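*Asks:* One file is attached below, model17.cif, containing mmCIF, C-alpha atoms.
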data_coords
loop_
_atom_site.group_PDB
_atom_site.id
_atom_site.type_symbol
_atom_site.label_atom_id
_atom_site.label_comp_id
_atom_site.auth_asym_id
_atom_site.auth_seq_id
_atom_site.Cartn_x
_atom_site.Cartn_y
_atom_site.Cartn_z
ATOM 1 C CA MET Q 1 184.958 35.934 -16.324
ATOM 2 C CA THR Q 2 182.618 33.334 -14.951
ATOM 3 C CA SER Q 3 178.855 33.535 -15.295
ATOM 4 C CA GLN Q 4 178.683 33.326 -11.488
ATOM 5 C CA ALA Q 5 180.808 36.504 -11.175
ATOM 6 C CA VAL Q 6 178.588 38.332 -13.680
ATOM 7 C CA SER Q 7 175.466 37.205 -11.775
ATOM 8 C CA GLN Q 8 176.963 38.537 -8.534
ATOM 9 C CA TRP Q 9 177.713 41.871 -10.233
ATOM 10 C CA LYS Q 10 174.139 42.102 -11.517
ATOM 11 C CA ALA Q 11 172.716 41.242 -8.084
ATOM 12 C CA GLY Q 12 175.028 43.760 -6.413
ATOM 13 C CA SER Q 13 176.439 41.155 -4.002
ATOM 14 C CA SER Q 14 179.961 41.898 -5.252
ATOM 15 C CA LEU Q 15 181.567 44.502 -7.475
ATOM 16 C CA PRO Q 16 183.933 43.798 -10.372
ATOM 17 C CA SER Q 17 187.485 45.046 -10.161
ATOM 18 C CA PRO Q 18 188.191 48.238 -12.138
ATOM 19 C CA ASP Q 19 190.405 46.245 -14.529
ATOM 20 C CA LYS Q 20 187.552 43.860 -15.303
ATOM 21 C CA VAL Q 21 185.126 46.740 -15.852
ATOM 22 C CA GLN Q 22 187.606 48.325 -18.261
ATOM 23 C CA ASP Q 23 188.014 44.959 -20.081
ATOM 24 C CA VAL Q 24 184.226 44.675 -20.471
ATOM 25 C CA ILE Q 25 184.022 48.261 -21.792
ATOM 26 C CA SER Q 26 186.832 47.590 -24.299
ATOM 27 C CA TYR Q 27 185.266 44.318 -25.424
ATOM 28 C CA LEU Q 28 181.840 45.892 -25.922
ATOM 29 C CA GLN Q 29 183.331 48.836 -27.797
ATOM 30 C CA SER Q 30 185.185 46.578 -30.235
ATOM 31 C CA HIS Q 31 182.165 44.244 -30.590
ATOM 32 C CA ILE Q 32 179.852 47.186 -31.368
ATOM 33 C CA ALA Q 33 182.475 48.662 -33.710
ATOM 34 C CA ALA Q 34 182.637 45.377 -35.637
ATOM 35 C CA SER Q 35 178.849 45.293 -36.031
ATOM 36 C CA GLU Q 36 178.803 48.984 -37.061
ATOM 37 C CA GLY Q 37 181.241 48.465 -39.907
ATOM 38 C CA GLY Q 38 184.499 48.916 -38.023
ATOM 39 C CA GLN Q 39 183.861 52.388 -36.575
ATOM 40 C CA GLN Q 40 185.268 52.569 -33.042
ATOM 41 C CA ILE Q 41 182.795 53.979 -30.509
ATOM 42 C CA ALA Q 42 184.254 56.426 -27.970
ATOM 43 C CA ALA Q 43 184.074 55.347 -24.348
ATOM 44 C CA ASP Q 44 181.343 57.012 -22.327
ATOM 45 C CA LEU Q 45 183.123 56.035 -19.107
ATOM 46 C CA PRO Q 46 186.637 57.100 -18.107
ATOM 47 C CA SER Q 47 189.262 54.467 -17.593
ATOM 48 C CA LEU Q 48 188.844 53.002 -14.106
ATOM 49 C CA THR Q 49 192.440 51.868 -13.896
ATOM 50 C CA LYS Q 50 193.945 55.355 -14.051
ATOM 51 C CA SER Q 51 193.636 58.184 -11.580
ATOM 52 C CA SER Q 52 192.262 61.449 -12.866
ATOM 53 C CA ALA Q 53 194.591 63.263 -10.448
ATOM 54 C CA PRO Q 54 198.262 63.248 -11.456
ATOM 55 C CA GLY Q 55 200.573 61.750 -8.851
ATOM 56 C CA TYR Q 56 197.963 59.348 -7.442
ATOM 57 C CA VAL Q 57 197.580 55.624 -8.087
ATOM 58 C CA PRO Q 58 194.598 53.291 -7.575
ATOM 59 C CA VAL Q 59 194.814 50.539 -4.942
ATOM 60 C CA ARG Q 60 192.032 47.968 -5.000
ATOM 61 C CA SER Q 61 189.925 47.361 -1.944
ATOM 62 C CA LEU Q 62 188.469 44.222 -0.412
ATOM 63 C CA ASN Q 63 184.675 44.321 -0.127
ATOM 64 C CA VAL Q 64 184.686 42.136 2.992
ATOM 65 C CA SER Q 65 185.540 43.868 6.258
ATOM 66 C CA ALA Q 66 188.257 42.081 8.200
ATOM 67 C CA GLY Q 67 187.007 41.271 11.675
ATOM 68 C CA ALA Q 68 186.378 38.485 14.127
ATOM 69 C CA GLY Q 69 183.946 36.654 11.856
ATOM 70 C CA GLY Q 70 181.918 36.801 8.690
ATOM 71 C CA GLY Q 71 183.374 37.155 5.249
ATOM 72 C CA GLY Q 72 184.410 34.453 2.864
ATOM 73 C CA LEU Q 73 187.127 33.344 0.518
ATOM 74 C CA MET Q 74 189.252 36.160 -0.843
ATOM 75 C CA GLU Q 75 189.002 36.133 -4.618
ATOM 76 C CA ASP Q 76 188.648 38.643 -7.441
ATOM 77 C CA GLY Q 77 184.870 38.799 -6.942
ATOM 78 C CA LEU Q 78 185.426 40.423 -3.536
ATOM 79 C CA LEU Q 79 187.635 43.195 -4.872
ATOM 80 C CA GLY Q 80 185.843 46.531 -4.954
ATOM 81 C CA TYR Q 81 186.528 49.930 -6.414
ATOM 82 C CA PRO Q 82 189.966 51.387 -5.783
ATOM 83 C CA GLN Q 83 191.054 54.013 -3.328
ATOM 84 C CA PHE Q 84 193.749 56.438 -4.442
ATOM 85 C CA PHE Q 85 197.097 57.014 -2.737
ATOM 86 C CA GLU Q 86 200.047 59.263 -3.506
ATOM 87 C CA GLU Q 87 202.309 57.483 -5.963
ATOM 88 C CA GLY Q 88 205.454 58.381 -3.980
ATOM 89 C CA PHE Q 89 203.989 56.948 -0.784
ATOM 90 C CA VAL Q 90 203.285 53.635 -2.535
ATOM 91 C CA THR Q 91 206.548 53.363 -4.463
ATOM 92 C CA ARG Q 92 209.066 54.946 -2.065
ATOM 93 C CA ASP Q 93 207.642 54.506 1.429
ATOM 94 C CA LEU Q 94 205.996 51.103 0.973
ATOM 95 C CA ARG Q 95 208.361 49.963 -1.817
ATOM 96 C CA ALA Q 96 205.414 48.497 -3.685
ATOM 97 C CA ARG Q 97 203.406 48.760 -6.859
ATOM 98 C CA PRO Q 98 199.686 49.564 -6.592
ATOM 99 C CA GLU Q 99 198.780 46.038 -7.723
ATOM 100 C CA ASP Q 100 200.796 44.605 -4.791
ATOM 101 C CA LEU Q 101 198.472 46.282 -2.275
ATOM 102 C CA CYS Q 102 194.897 45.944 -1.082
ATOM 103 C CA VAL Q 103 192.816 48.246 1.142
ATOM 104 C CA VAL Q 104 190.814 46.544 3.913
ATOM 105 C CA GLU Q 105 188.517 48.071 6.525
ATOM 106 C CA ILE Q 106 188.753 46.698 10.073
ATOM 107 C CA GLU Q 107 185.576 45.612 11.820
ATOM 108 C CA GLY Q 108 185.240 44.585 15.453
ATOM 109 C CA GLN Q 109 187.167 45.031 18.691
ATOM 110 C CA SER Q 110 189.536 42.068 18.649
ATOM 111 C CA MET Q 111 192.608 44.110 17.652
ATOM 112 C CA GLU Q 112 192.015 47.056 20.008
ATOM 113 C CA PRO Q 113 193.737 49.199 21.078
ATOM 114 C CA LEU Q 114 196.226 48.742 18.196
ATOM 115 C CA LEU Q 115 193.588 48.658 15.427
ATOM 116 C CA ARG Q 116 190.035 49.869 15.967
ATOM 117 C CA SER Q 117 186.782 49.130 14.211
ATOM 118 C CA GLY Q 118 186.572 51.450 11.187
ATOM 119 C CA ASP Q 119 190.349 51.705 10.703
ATOM 120 C CA THR Q 120 191.663 51.187 7.186
ATOM 121 C CA VAL Q 121 194.730 49.029 6.583
ATOM 122 C CA LEU Q 122 196.944 48.554 3.547
ATOM 123 C CA VAL Q 123 197.923 44.944 2.987
ATOM 124 C CA ASP Q 124 201.016 43.977 0.987
ATOM 125 C CA MET Q 125 199.864 40.863 -0.870
ATOM 126 C CA ARG Q 126 203.447 39.861 -1.715
ATOM 127 C CA LYS Q 127 204.151 39.289 1.981
ATOM 128 C CA LYS Q 128 202.485 35.993 2.892
ATOM 129 C CA ASN Q 129 205.308 34.304 4.799
ATOM 130 C CA VAL Q 130 204.130 33.784 8.380
ATOM 131 C CA ALA Q 131 207.465 32.343 9.535
ATOM 132 C CA MET Q 132 207.970 35.707 11.222
ATOM 133 C CA GLU Q 133 205.036 36.778 13.385
ATOM 134 C CA GLY Q 134 203.098 39.781 12.107
ATOM 135 C CA ILE Q 135 199.655 41.208 11.516
ATOM 136 C CA PHE Q 136 198.032 39.616 8.480
ATOM 137 C CA VAL Q 137 194.657 39.647 6.774
ATOM 138 C CA VAL Q 138 193.676 36.018 6.416
ATOM 139 C CA PHE Q 139 190.673 33.856 5.641
ATOM 140 C CA ASP Q 140 190.825 31.462 8.618
ATOM 141 C CA GLY Q 141 188.294 28.929 7.325
ATOM 142 C CA ASP Q 142 185.351 30.796 8.861
ATOM 143 C CA GLY Q 143 185.842 34.417 7.830
ATOM 144 C CA VAL Q 144 188.260 37.158 6.853
ATOM 145 C CA VAL Q 145 190.168 38.406 9.894
ATOM 146 C CA CYS Q 146 192.974 40.836 10.617
ATOM 147 C CA LYS Q 147 195.088 39.292 13.396
ATOM 148 C CA TRP Q 148 198.548 38.467 14.647
ATOM 149 C CA VAL Q 149 199.544 35.252 12.839
ATOM 150 C CA GLU Q 150 202.462 32.938 13.612
ATOM 151 C CA MET Q 151 203.531 29.386 12.760
ATOM 152 C CA VAL Q 152 203.070 26.777 15.474
ATOM 153 C CA ARG Q 153 206.189 24.627 15.646
ATOM 154 C CA GLY Q 154 206.396 20.943 16.516
ATOM 155 C CA LEU Q 155 203.006 19.745 15.198
ATOM 156 C CA ASP Q 156 202.449 17.086 12.543
ATOM 157 C CA ALA Q 157 200.416 19.327 10.244
ATOM 158 C CA PRO Q 158 201.463 22.923 9.465
ATOM 159 C CA THR Q 159 199.377 25.064 11.822
ATOM 160 C CA LEU Q 160 198.855 28.781 12.289
ATOM 161 C CA ARG Q 161 198.178 30.451 15.627
ATOM 162 C CA ILE Q 162 195.825 33.386 15.212
ATOM 163 C CA LYS Q 163 195.886 35.942 18.027
ATOM 164 C CA SER Q 164 194.055 39.128 18.863
ATOM 165 C CA GLU Q 165 195.546 42.233 20.426
ATOM 166 C CA ASN Q 166 192.582 42.430 22.825
ATOM 167 C CA ASN Q 167 192.934 39.866 25.651
ATOM 168 C CA ARG Q 168 189.164 39.284 25.715
ATOM 169 C CA PHE Q 169 189.586 37.281 22.494
ATOM 170 C CA PRO Q 170 191.566 34.059 23.058
ATOM 171 C CA PRO Q 171 194.075 32.805 20.469
ATOM 172 C CA TYR Q 172 193.147 29.816 18.321
ATOM 173 C CA ASP Q 173 194.993 27.406 16.051
ATOM 174 C CA VAL Q 174 194.001 26.585 12.471
ATOM 175 C CA GLU Q 175 195.570 24.105 10.053
ATOM 176 C CA ALA Q 176 197.468 26.113 7.449
ATOM 177 C CA GLU Q 177 195.749 24.303 4.576
ATOM 178 C CA ARG Q 178 192.383 25.735 5.721
ATOM 179 C CA CYS Q 179 193.722 29.309 5.582
ATOM 180 C CA GLN Q 180 194.200 31.739 2.735
ATOM 181 C CA ILE Q 181 196.564 34.592 3.519
ATOM 182 C CA LEU Q 182 195.878 37.855 1.707
ATOM 183 C CA GLY Q 183 199.068 39.480 3.010
ATOM 184 C CA ARG Q 184 200.807 41.433 5.766
ATOM 185 C CA VAL Q 185 199.447 44.731 7.079
ATOM 186 C CA VAL Q 186 202.004 47.459 6.274
ATOM 187 C CA TRP Q 187 200.081 50.676 7.069
ATOM 188 C CA PHE Q 188 196.878 51.872 8.709
ATOM 189 C CA SER Q 189 194.784 55.020 8.956
ATOM 190 C CA ARG Q 190 192.165 56.139 11.444
ATOM 191 C CA ARG Q 191 189.446 58.744 11.391
ATOM 192 C CA LEU Q 192 189.693 61.179 14.310
#
Would you give me this structure, written as structure tokens?

*Replies:*
Amino acid sequence: MTSQAVSQWKAGSSLPSPDKVQDVISYLQSHIAASEGGQQIAADLPSLTKSSAPGYVPVRSLNVSAGAGGGGLMEDGLLGYPQFFEEGFVTRDLRARPEDLCVVEIEGQSMEPLLRSGDTVLVDMRKKNVAMEGIFVVFDGDGVVCKWVEMVRGLDAPTLRIKSENNRFPPYDVEAERCQILGRVVWFSRRL
């Protein structure tokens, strides 16, 4: 862990991933045990990597809402506390492992009517190939967005075309090297 990440945790500007919290707890327990003559101290916090409800698995979330602006680079420091999903849904329906997925909240109107502000999407982080057009969560050089993404053919530099569902938002092209693709959207939910 970097000192910058720890500073961000202390300031509350980002939250550590559950795995990192559990690593810190384990480290502190063993460090205290060593100083106390080898006696292992029991954890006062439950494991954050396991669900307390059988049949459910944790899927990490991205702390930055995907929209038409804002956000920043997608790295571990932006991963928040997990949301829990039925294990069968993740493994059978999505054919994924919990660590392959990320939960992202949609912000803005650029993908309406398909996706609305406040919708939650599941992103499969294994699926980053934009050779086939699809809806991806991507850092486009300016912010984290959830958009239709496709390769632009015939240009000197690899370029991505980023398009909205809503016609009020025009498409734009970005050099692929400026982008960081989190993954393809594979599921969404909406509050009624």

*Asks:* Quick one: which residues end up in the PyMOL selection byres ((chain Q and resi 189) around 8) for this structure, as a PyMOL selection string?

*Replies:* chain Q and resi 119-121+187-188+190-191

*Asks:* Those selected residues, please, written with C-alpha atoms and delivered as a PDB file, in the frame of the given file.

*Replies:*
ATOM      1  CA  ASP Q 119     190.349  51.705  10.703  1.00  0.00           C
ATOM      2  CA  THR Q 120     191.663  51.187   7.186  1.00  0.00           C
ATOM      3  CA  VAL Q 121     194.730  49.029   6.583  1.00  0.00           C
ATOM      4  CA  TRP Q 187     200.081  50.676   7.069  1.00  0.00           C
ATOM      5  CA  PHE Q 188     196.878  51.872   8.709  1.00  0.00           C
ATOM      6  CA  ARG Q 190     192.165  56.139  11.444  1.00  0.00           C
ATOM      7  CA  ARG Q 191     189.446  58.744  11.391  1.00  0.00           C
TER       8      ARG Q 191
END

*Asks:* Quick check, in Å to one decimal: how far apart do CA of Asp100 in chain Q and CA of Val152 in chain Q lie?

*Replies:* 27.1 Å

*Asks:* Check which residues satisfy the PyMOL selection byres ((chain Q and resi 165) around 8) in the file shown, then give them as a PDB file with C-alpha atoms, keeping the file's coordinate frame.

*Replies:*
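What landed in result17.pdb:
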ATOM      1  CA  SER Q 110     189.536  42.068  18.649  1.00  0.00           C
ATOM      2  CA  MET Q 111     192.608  44.110  17.652  1.00  0.00           C
ATOM      3  CA  GLU Q 112     192.015  47.056  20.008  1.00  0.00           C
ATOM      4  CA  PRO Q 113     193.737  49.199  21.078  1.00  0.00           C
ATOM      5  CA  LEU Q 114     196.226  48.742  18.196  1.00  0.00           C
ATOM      6  CA  LYS Q 147     195.088  39.292  13.396  1.00  0.00           C
ATOM      7  CA  TRP Q 148     198.548  38.467  14.647  1.00  0.00           C
ATOM      8  CA  LYS Q 163     195.886  35.942  18.027  1.00  0.00           C
ATOM      9  CA  SER Q 164     194.055  39.128  18.863  1.00  0.00           C
ATOM     10  CA  ASN Q 166     192.582  42.430  22.825  1.00  0.00           C
ATOM     11  CA  ASN Q 167     192.934  39.866  25.651  1.00  0.00           C
TER      12      ASN Q 167
END

*Asks:* Which residue gives the smallest distance to Leu192 in chain Q among Q:Lys20, Q:Arg126, Q:Arg116, Q:Arg161, with only C-alpha atoms counted?

*Replies:*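 For Leu192 in chain Q, the nearest of the candidates is Q:Arg116.
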
*Asks:* When the PyMOL selection byres ((chain Q and resi 158) around 12) is applied to the structure above, which residues does it catch, written out as JSON, numbers by chain?

*Replies:* {"Q": [130, 131, 150, 151, 152, 153, 154, 155, 156, 157, 159, 160, 161, 173, 174, 175, 176, 177, 178, 179]}

*Asks:* Interatomic distance between CA of Gly134 in chain Q and CA of Ile106 in chain Q?

*Replies:* 16.1 Å

*Asks:* In Å, with one decimal, what is the gap from CA of Val144 in chain Q to CA of Pro170 in chain Q?

*Replies:* 16.8 Å

*Asks:* How would you write as number ranges by chain the residues that get within 12 Å of (200.5, 59.2, -1.9) in the file's frame, counting only C-alpha atoms?

*Replies:* Q: 51, 53-59, 83-94, 96-98

*Asks:* When distances are computed from all atoms listed in the file, which of Q:Gln109, Q:Val137, Q:Gln180, Q:Leu122 shows the smallest separation from Arg168 in chain Q?

*Replies:*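 Looking at the shortest contact to Arg168 in chain Q, the residue is Q:Gln109.
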
*Asks:* Box along x, y and z, 8 Å on every side, all listed atoms of range 139-149 of chain Q inside: centre and edge lengths in Å to one decimal, as AutoDock Vina command-line options.

*Replies:*
--center_x 192.4 --center_y 34.9 --center_z 10.1 --size_x 30.2 --size_y 27.9 --size_z 25.0
